[in-house]
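The file coords.txt comes next; it holds compact mmCIF, C-alpha atoms and all ligand atoms.
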# COMPACT_ATOMS: atom_id res chain seq x y z
CA MET A 1 -199.30 57.23 55.65
CA TYR A 2 -199.95 53.49 55.87
CA THR A 3 -203.71 53.99 55.36
CA GLN A 4 -204.00 50.40 54.12
CA LEU A 5 -202.68 49.11 57.46
CA GLU A 6 -204.92 51.40 59.54
CA GLN A 7 -208.00 50.41 57.53
CA ARG A 8 -207.52 46.74 58.40
CA GLY A 9 -208.64 47.57 61.93
CA MET A 10 -211.88 49.28 60.85
CA VAL A 11 -215.20 47.67 61.77
CA GLU A 12 -216.03 47.48 58.05
CA PRO A 13 -212.62 47.30 56.32
CA PRO A 14 -212.51 48.12 52.61
CA VAL A 15 -213.52 45.36 50.24
CA ASN A 16 -210.73 43.50 48.43
CA VAL A 17 -210.48 40.42 46.21
CA GLY A 18 -210.37 38.20 49.30
CA THR A 19 -213.61 39.72 50.64
CA LEU A 20 -215.38 39.07 47.33
CA SER A 21 -214.15 35.50 47.18
CA LYS A 22 -215.32 34.88 50.77
CA MET A 23 -218.74 36.33 49.95
CA LYS A 24 -219.06 33.72 47.19
CA GLN A 25 -218.03 30.93 49.57
CA ASP A 26 -220.48 32.16 52.24
CA GLY A 27 -223.32 32.60 49.74
CA LYS A 28 -223.62 36.34 50.54
CA PRO A 29 -224.77 38.18 47.38
CA ILE A 30 -222.36 40.87 46.17
CA ALA A 31 -223.94 44.27 45.39
CA CYS A 32 -222.23 46.24 42.60
CA LEU A 33 -222.98 49.48 40.77
CA THR A 34 -221.33 51.75 38.25
CA ALA A 35 -220.28 55.32 39.15
CA TYR A 36 -218.61 58.09 37.19
CA ASP A 37 -217.94 60.95 39.63
CA ALA A 38 -216.95 61.57 43.25
CA SER A 39 -220.37 62.75 44.52
CA TYR A 40 -222.32 59.72 43.29
CA ALA A 41 -219.43 57.42 44.25
CA ALA A 42 -219.74 58.65 47.85
CA LEU A 43 -223.48 57.90 47.83
CA VAL A 44 -223.01 54.46 46.26
CA ASP A 45 -220.35 53.72 48.88
CA ALA A 46 -222.50 55.00 51.77
CA ALA A 47 -225.32 52.71 50.60
CA GLY A 48 -223.08 49.69 51.28
CA THR A 49 -222.19 48.70 47.71
CA ASP A 50 -219.33 46.19 47.64
CA LEU A 51 -217.89 46.90 44.19
CA VAL A 52 -217.99 50.05 42.05
CA LEU A 53 -217.24 49.93 38.33
CA VAL A 54 -216.16 52.90 36.28
CA GLY A 55 -217.76 51.37 33.23
CA ASP A 56 -217.31 52.34 29.62
CA SER A 57 -221.10 52.74 29.80
CA LEU A 58 -220.00 56.31 30.56
CA GLY A 59 -219.79 56.69 26.78
CA MET A 60 -223.57 56.32 26.69
CA VAL A 61 -224.82 57.78 29.99
CA ILE A 62 -222.27 60.62 30.40
CA GLN A 63 -221.11 61.40 26.86
CA GLY A 64 -224.39 60.66 25.08
CA HIS A 65 -223.07 58.22 22.47
CA ASP A 66 -225.18 55.30 21.20
CA THR A 67 -222.50 52.75 22.10
CA THR A 68 -219.41 52.37 24.31
CA VAL A 69 -217.07 52.22 21.29
CA PRO A 70 -215.88 55.90 21.34
CA VAL A 71 -214.63 55.72 24.96
CA THR A 72 -210.86 56.14 25.47
CA VAL A 73 -208.39 55.20 28.21
CA ASP A 74 -208.08 58.95 29.02
CA ASN A 75 -211.84 59.11 29.60
CA ILE A 76 -211.79 56.16 32.01
CA VAL A 77 -208.73 57.52 33.86
CA TYR A 78 -210.46 60.91 34.32
CA HIS A 79 -213.67 59.42 35.75
CA CYS A 80 -211.85 56.76 37.78
CA ARG A 81 -209.77 59.39 39.59
CA ALA A 82 -212.97 61.21 40.53
CA VAL A 83 -214.74 58.02 41.69
CA ALA A 84 -211.71 56.92 43.74
CA LYS A 85 -212.00 60.17 45.73
CA GLY A 86 -215.57 59.31 46.76
CA LEU A 87 -214.98 55.72 47.93
CA ARG A 88 -214.05 54.53 51.43
CA HIS A 89 -215.30 50.95 51.47
CA ALA A 90 -216.12 49.65 47.99
CA PHE A 91 -213.68 47.87 45.65
CA LEU A 92 -212.90 49.98 42.58
CA VAL A 93 -212.87 48.37 39.11
CA ALA A 94 -212.19 50.22 35.85
CA ASP A 95 -213.17 49.22 32.33
CA MET A 96 -210.57 48.76 29.61
CA PRO A 97 -212.15 50.56 26.65
CA PHE A 98 -212.53 49.34 23.07
CA MET A 99 -209.16 48.57 21.41
CA SER A 100 -207.12 49.34 24.53
CA TYR A 101 -206.16 45.66 24.97
CA ALA A 102 -205.65 44.40 21.43
CA ASN A 103 -202.41 42.63 22.43
CA PRO A 104 -200.74 41.73 25.76
CA ASP A 105 -198.31 44.68 25.81
CA GLN A 106 -200.98 47.25 24.99
CA ALA A 107 -203.25 45.66 27.63
CA LEU A 108 -200.53 45.95 30.25
CA ASP A 109 -199.90 49.62 29.37
CA SER A 110 -203.62 50.45 29.56
CA ALA A 111 -204.10 48.54 32.82
CA VAL A 112 -201.12 50.27 34.42
CA ARG A 113 -202.61 53.67 33.50
CA LEU A 114 -206.00 52.76 34.99
CA MET A 115 -204.36 51.61 38.23
CA GLN A 116 -201.60 54.21 38.62
CA GLU A 117 -203.38 57.28 37.25
CA GLY A 118 -207.00 56.29 37.89
CA GLY A 119 -206.62 54.51 41.23
CA ALA A 120 -208.40 51.34 40.04
CA MET A 121 -207.87 48.14 42.04
CA MET A 122 -208.91 45.82 39.20
CA ILE A 123 -209.47 46.17 35.47
CA LYS A 124 -212.34 44.69 33.46
CA LEU A 125 -212.07 43.56 29.87
CA GLU A 126 -214.56 42.03 27.46
CA GLY A 127 -213.21 38.63 26.60
CA GLY A 128 -213.45 35.10 25.37
CA GLU A 129 -210.93 32.58 24.09
CA GLY A 130 -209.10 35.38 22.25
CA GLN A 131 -208.27 37.16 25.51
CA VAL A 132 -206.80 34.19 27.43
CA GLU A 133 -203.22 35.18 26.57
CA ILE A 134 -203.92 38.81 27.56
CA VAL A 135 -205.40 37.78 30.92
CA GLU A 136 -202.39 35.50 31.52
CA HIS A 137 -200.04 38.40 30.77
CA LEU A 138 -201.88 40.76 33.14
CA ALA A 139 -202.11 38.13 35.88
CA ARG A 140 -198.38 37.44 35.55
CA HIS A 141 -197.88 41.11 36.43
CA ASP A 142 -200.30 40.86 39.39
CA ILE A 143 -202.99 42.96 37.75
CA PRO A 144 -206.39 41.86 39.09
CA VAL A 145 -208.78 41.10 36.22
CA CYS A 146 -212.54 40.86 35.75
CA ALA A 147 -213.47 39.03 32.52
CA HIS A 148 -216.74 40.21 30.93
CA LEU A 149 -218.60 37.59 28.85
CA GLY A 150 -222.07 37.16 27.36
CA LEU A 151 -223.23 40.35 25.71
CA LYS A 152 -220.06 42.32 25.05
CA PRO A 153 -221.18 45.88 24.25
CA GLN A 154 -217.83 46.75 22.59
CA SER A 155 -218.73 44.11 19.95
CA VAL A 156 -222.15 45.61 19.24
CA HIS A 157 -221.39 46.36 15.59
CA LYS A 158 -220.08 42.80 15.06
CA ILE A 159 -223.06 41.07 16.72
CA GLY A 160 -225.64 43.45 15.27
CA GLY A 161 -227.19 44.95 18.39
CA PHE A 162 -227.56 44.53 22.14
CA LYS A 163 -228.94 40.97 22.22
CA VAL A 164 -229.25 38.10 24.70
CA GLN A 165 -226.30 35.70 24.27
CA GLY A 166 -225.94 31.97 24.92
CA ARG A 167 -229.51 30.86 24.21
CA GLU A 168 -228.39 27.89 22.09
CA PRO A 169 -227.01 24.99 24.22
CA ASP A 170 -223.69 24.80 22.30
CA LYS A 171 -223.11 28.58 22.64
CA ALA A 172 -224.00 28.43 26.34
CA ARG A 173 -221.48 25.62 26.90
CA GLU A 174 -218.83 27.49 24.90
CA MET A 175 -219.35 30.58 27.07
CA VAL A 176 -219.01 28.70 30.36
CA ASP A 177 -215.92 26.88 29.04
CA SER A 178 -214.38 30.23 28.02
CA ALA A 179 -215.11 31.60 31.49
CA ILE A 180 -213.31 28.61 33.02
CA ARG A 181 -210.32 29.14 30.76
CA LEU A 182 -210.19 32.85 31.64
CA GLN A 183 -210.36 31.96 35.33
CA ASN A 184 -207.53 29.45 34.87
CA ALA A 185 -205.55 32.15 33.04
CA GLY A 186 -205.83 34.36 36.14
CA ALA A 187 -209.17 36.23 36.05
CA ASP A 188 -210.34 37.00 39.61
CA ILE A 189 -213.98 37.75 38.75
CA VAL A 190 -216.26 36.88 35.83
CA LEU A 191 -219.04 39.24 34.75
CA LEU A 192 -221.89 37.86 32.64
CA GLU A 193 -224.19 40.20 30.73
CA CYS A 194 -227.56 39.36 29.19
CA VAL A 195 -227.61 35.57 29.32
CA PRO A 196 -230.35 33.07 30.22
CA ASN A 197 -230.67 32.16 33.91
CA GLU A 198 -229.33 28.67 33.24
CA VAL A 199 -226.04 30.04 31.86
CA GLY A 200 -225.60 32.23 34.95
CA LYS A 201 -226.32 29.21 37.14
CA ALA A 202 -223.88 26.89 35.34
CA ALA A 203 -221.07 29.46 35.40
CA THR A 204 -221.62 30.19 39.10
CA GLU A 205 -221.54 26.49 39.97
CA GLU A 206 -218.55 25.64 37.79
CA LEU A 207 -216.31 28.61 38.58
CA ASP A 208 -214.39 29.14 41.81
CA VAL A 209 -214.20 32.92 41.31
CA PRO A 210 -217.23 35.18 41.95
CA VAL A 211 -219.65 35.57 39.04
CA ILE A 212 -221.36 38.97 38.83
CA GLY A 213 -224.41 39.25 36.60
CA ILE A 214 -226.23 41.99 34.73
CA GLY A 215 -229.26 40.35 33.22
CA ALA A 216 -227.77 36.94 34.09
CA GLY A 217 -230.52 35.78 36.45
CA PRO A 218 -230.83 35.15 40.18
CA HIS A 219 -228.27 32.34 40.65
CA VAL A 220 -225.06 34.37 40.20
CA ASP A 221 -222.88 35.48 43.14
CA GLY A 222 -223.61 39.19 42.68
CA GLN A 223 -225.55 41.75 40.68
CA ILE A 224 -224.43 44.92 38.92
CA LEU A 225 -226.50 47.65 37.29
CA VAL A 226 -225.79 51.00 35.67
CA LEU A 227 -226.30 53.73 38.29
CA TYR A 228 -228.35 56.09 36.12
CA ASP A 229 -230.67 53.25 35.07
CA ILE A 230 -231.67 52.40 38.64
CA LEU A 231 -232.05 56.09 39.61
CA ASP A 232 -234.40 56.57 36.65
CA ILE A 233 -232.13 59.19 35.10
CA THR A 234 -231.59 57.28 31.84
CA GLN A 235 -233.99 58.54 29.17
CA GLY A 236 -235.86 56.29 26.77
CA ARG A 237 -236.02 52.51 26.76
CA THR A 238 -233.96 50.63 29.34
CA PRO A 239 -233.04 46.92 29.16
CA ARG A 240 -235.39 44.29 30.60
CA PHE A 241 -233.06 43.59 33.55
CA VAL A 242 -233.25 47.17 34.88
CA ARG A 243 -235.38 47.96 37.94
CA ASN A 244 -236.19 51.54 38.87
CA PHE A 245 -235.14 51.78 42.55
CA GLN A 246 -235.90 55.51 42.73
CA GLN A 247 -239.60 54.70 42.60
CA GLY A 248 -240.95 54.65 46.16
CA ASN A 249 -237.78 56.16 47.62
CA ASP A 250 -237.47 59.84 48.50
CA SER A 251 -233.72 60.34 47.91
CA PRO A 252 -230.96 58.90 45.73
CA LEU A 253 -229.30 57.43 48.85
CA ALA A 254 -232.52 55.66 49.87
CA ALA A 255 -232.83 54.27 46.33
CA LEU A 256 -229.26 52.95 46.41
CA GLN A 257 -229.80 51.41 49.86
CA ALA A 258 -232.94 49.73 48.48
CA PHE A 259 -230.86 48.27 45.62
CA VAL A 260 -228.23 46.88 48.01
CA ALA A 261 -230.94 45.39 50.26
CA ALA A 262 -232.78 43.83 47.28
CA VAL A 263 -229.56 42.19 46.07
CA ARG A 264 -228.64 40.94 49.55
CA ASN A 265 -232.04 39.37 50.21
CA ARG A 266 -232.32 38.11 46.59
CA GLU A 267 -235.50 40.11 45.86
CA TYR A 268 -233.69 41.44 42.79
CA PRO A 269 -233.68 40.17 40.08
CA ALA A 270 -237.32 39.06 39.87
CA PRO A 271 -238.55 36.84 36.97
CA GLU A 272 -239.48 39.93 34.91
CA HIS A 273 -235.79 41.00 34.89
CA CYS A 274 -234.50 37.63 33.63
CA PHE A 275 -234.01 35.79 30.33
CA SER A 276 -234.77 32.16 29.50
O1 LIG A 301 -219.70 49.59 31.23
C1 LIG A 301 -220.45 49.13 32.10
O2 LIG A 301 -221.12 49.86 32.83
C2 LIG A 301 -220.54 47.70 32.24
C3 LIG A 301 -221.70 47.18 33.01
C4 LIG A 301 -222.86 47.16 32.13
C5 LIG A 301 -221.42 45.88 33.63
O3 LIG A 301 -219.76 46.98 31.69
Using structure tokens, write down the structure from this file.
Ligand code: KIV
Amino acid sequence: MYTQLEQRGMVEPPVNVGTLSKMKQDGKPIACLTAYDASYAALVDAAGTDLVLVGDSLGMVIQGHDTTVPVTVDNIVYHCRAVAKGLRHAFLVADMPFMSYANPDQALDSAVRLMQEGGAMMIKLEGGEGQVEIVEHLARHDIPVCAHLGLKPQSVHKIGGFKVQGREPDKAREMVDSAIRLQNAGADIVLLECVPNEVGKAATEELDVPVIGIGAGPHVDGQILVLYDILDITQGRTPRFVRNFQQGNDSPLAALQAFVAAVRNREYPAPEHCFS
């Protein structure tokens, strides 16, 4: 009973939206990873990760699909419940899968399921101008939101592959402006995927909310990577921004601790992980 109140007195209380916002203000890099089950979630948490995402990347790394498109709300709820059991400290975010937020009412229904059934503390959706009304609707109901811009993997068939976004100056400006509008609509975090360093830098400077990057360069407020990529479990070609943290470490926990340390001291990402 009243675990939330007891936890406030802990030496390292659980991370919440306020903690993440303060980390941005203090210039302390935020370390984030994906997880899909309780055992790995416990390791990711023990390593000191601040934010854990139950990403729809599970469609690729758990279910073996080529894209995230087949993932359903039921899938995310199932994995989120498992991950929630493994976490003590990290903030838990769950992905809204493809076509689960096509209009404000559907978005609210999906978000409520992820929070009530899955135990998520925030939902993430892939968005731009078209999602401003949805974010407003969720924020009006006090649902914490992370807005994912840049490369949006759910749009892979529309954009014709997993490609760097925002290389042209007008597209870069459009993306940062969309991020500002999503923040003003109520988004608490912005996530940028696969964009040139300069876009990550501009968004981080112009937004008040934390900006988390995956292939968005070294200037963002935090970094996120897919767990199986950094543990060298993913087979075949991995994206340029991935670093294998298992190499040189003798256990998965040591590899995860190395990731958190590399984010904190800004050793990761190095130039070879970035786009221009
Ligand atoms: O689904 C996912 O794992 C993600 C990350 C790549 C950020 O969205």
For this session: Give the answer as one residue: which of A:His157, A:Lys124, A:Arg237, A:Arg181 has the shortest atom-to-atom distance to ligand LIG 301 (chain A), using only C-alpha atoms and all ligand atoms?
Result: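 Of A:His157, A:Lys124, A:Arg237, A:Arg181, the one nearest ligand LIG 301 (chain A) is A:Lys124, counting only C-alpha atoms and all ligand atoms.
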For this session: All residues within 10 Å of ligand LIG 301 (chain A) are required, counting all atoms listed in the file; please report them as a PyMOL selection string.
Result: chain A and resi 32-36+52-61+68+94-97+124-126+148-149+151-154+191-194+212-215+223-227
Exercise. Do you know which residues are at most 8 Å from region 14-21 of chain A counting only C-alpha atoms, after dropping those on the same chain fewer than 6 positions away, and could you put them as a list in words?
Worked result: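 These residues fall inside the cut-off: Gln7, Arg8, Ile30, Asp50, Leu51, Arg88, His89, Ala90, Phe91, Asp188, Val209 and Pro210 of chain A.
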For this session: Please provide the set of residues having any atom within 10 Å of Asp142 (chain A), restricted to only C-alpha atoms, with same-chain residues fewer than 5 positions apart removed, written as an MDAnalysis selection string.
Result: chainID A and resid 122 136:137 186
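Compared by their closest atoms to Lys85 (chain A), and using all atoms listed in the file, the residues A:Val195, A:Met99, A:Leu43, A:Leu231 rank with A:Leu43 nearest.
For the choices A:Val112, A:Ile76, A:Ala261, A:Val69, the atom-to-atom distance to Lys158 (chain A) is smallest for A:Val69 when using only C-alpha atoms.
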Seminar exercise, completed: re CA of Ile134 (chain A) and CA of Arg173 (chain A): distance 22.0 Å
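CA of Glu6 (chain A) is found 22.6 Å from CA of Met23 (chain A).
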Problem set entry | Near-region 101-103 of chain A list (9 Å; only C-alpha atoms; drop same-chain fewer than 6 positions) as number ranges by chain | A: 109-111, 125, 131, 133-134
Problem set entry | Interatomic distance, CA of Val71 (chain A) to CA of Phe98 (chain A) (Å, one decimal) |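 Pair CA of Val71 (chain A) / CA of Phe98 (chain A) returns 7.0 Å.
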Exercise. So which one's closest to Asn265 (chain A), A:Arg167, A:Pro218, A:Ser251, A:Met115? Using only C-alpha atoms, please.
Worked result: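 Among A:Arg167, A:Pro218, A:Ser251, A:Met115, it is A:Pro218 that comes nearest to Asn265 (chain A).
With distances restricted to all atoms listed in the file, A:Gln183 is the closest residue to Val132 (chain A) from A:Asn75, A:Gln183, A:Thr204, A:Gln106.
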For this session: Determine, counting all atoms listed in the file, which protein, DNA and RNA residues have an atom within 12 Å of an atom of Ile233 (chain A); residues of the same chain fewer than 2 positions away are not included. Present the result as an NGL selection string.
Result: :A and (61-62 or 226-231 or 235-238 or 244-247 or 252)
Coordinates of box centre and edge lengths for region 135-145 of chain A, 3 Å on every side, axis-aligned, as AutoDock Vina command-line options:
--center_x -203.3 --center_y 39.2 --center_z 35.1 --size_x 16.9 --size_y 13.5 --size_z 14.6
Exercise. Skipping near chain neighbours, those fewer than 4 positions away, what residues fall within 9 Å of Asp74 (chain A) using only C-alpha atoms, listed as number ranges by chain?
Worked result: A: 78-79, 113-114
